[in-house]
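Participant: Please see the structure below; I have some questions.
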Amino acid sequence: MNIELITDLIKDDRGNYYTAVRKDEKELTLVNAMVERSYVDVLQFSEEFKKKFAEFENQFIGKMITDVLRHDVVFAVKDDGHGRMYDLQEVERYFKVTFIDMIEFYRNPRLGRVTQS
């Protein structure tokens, strides 16, 4: 099983999505994909922000992140090279899985990550 960090998604039986942020030979560290995606853009309320996210005016900030994740799920399900979708139970057959708790201090996952394969 060749899980690609950040790109591939792992779905549990309750409909939650996770992404791997660290991988060793037999261990995989997962974080909720919604949390990981929330670190992609730094949200600073400015004129540039208002232009970039004009379509979300009068909506909730979480809608932007949900739309990014929805996009990633659609392409992962297609399995066309934009990430793959894995079932958590299947992943647990190959790896010891640990989770980063959503309430823990979570550093920006796109900086300084250990990415062993």
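Chain identifiers are assigned as A, B, and so on, following the order in which chains appear in the structure tokens; residues are numbered from 1 within each chain, and ligands are numbered from 1 in order of appearance.
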Pick out each residue of region 8-110 of chain A that DSSP on the backbone tags as strand (DSSP E or B); I need them as an MDAnalysis selection string.
Facilitator: chainID A and resid 9:11 17:23 27:32 85:87 96:100
Participant: Could you find all residues in region 3-80 of chain A that DSSP calls helix (DSSP H, G or I) from the backbone, and write them as a ChimeraX atom specification?
Facilitator: /A:33-37,47-52,54-56,61-78
Participant: Which neighbours of Asp8 (chain A) fall inside 9 Å, counting only C-alpha atoms, when residues of the same chain fewer than 6 positions from it are skipped, and could you give them as a VMD selection string?
Facilitator: chain A and resid 18 to 20 72 76 82 to 86
Participant: Those same residues - C-alpha atoms - I'd like them written as a PDB file, in the first residue's frame.
Facilitator:
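Written file, part_18.pdb:
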ATOM      1  CA  TYR A  18      -8.032  11.865   7.137  1.00  0.00           C
ATOM      2  CA  THR A  19      -4.740  12.549   5.432  1.00  0.00           C
ATOM      3  CA  ALA A  20      -1.368  11.086   6.289  1.00  0.00           C
ATOM      4  CA  ASP A  72     -10.156  16.555  -3.086  1.00  0.00           C
ATOM      5  CA  ALA A  76      -9.646  10.869  -5.045  1.00  0.00           C
ATOM      6  CA  HIS A  82      -5.070  13.598  -8.114  1.00  0.00           C
ATOM      7  CA  GLY A  83      -4.877  11.453  -5.013  1.00  0.00           C
ATOM      8  CA  ARG A  84      -6.466   8.178  -4.021  1.00  0.00           C
ATOM      9  CA  MET A  85      -9.112   7.159  -1.511  1.00  0.00           C
ATOM     10  CA  TYR A  86      -8.403   4.435   1.029  1.00  0.00           C
TER      11      TYR A  86
END
Participant: From the set A:Tyr17, A:Phe49, A:Phe56, A:Phe95, which residue has the shortest atom-to-atom contact distance to Val35 (chain A), counting only C-alpha atoms?
Facilitator: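 Of all the options, A:Tyr17 lies closest to Val35 (chain A).
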Participant: Show which residues sit within 12 Å of Gln89 (chain A), as a ChimeraX atom specification. Count only C-alpha atoms, and ignore same-chain residues fewer than 2 positions away.
Facilitator: /A:10-14,86-87,91-97
Participant: What is the CA of Val68 (chain A) to CA of Leu30 (chain A) distance in Å?
Facilitator: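 Result for CA of Val68 (chain A) versus CA of Leu30 (chain A): 18.2 Å, one decimal.
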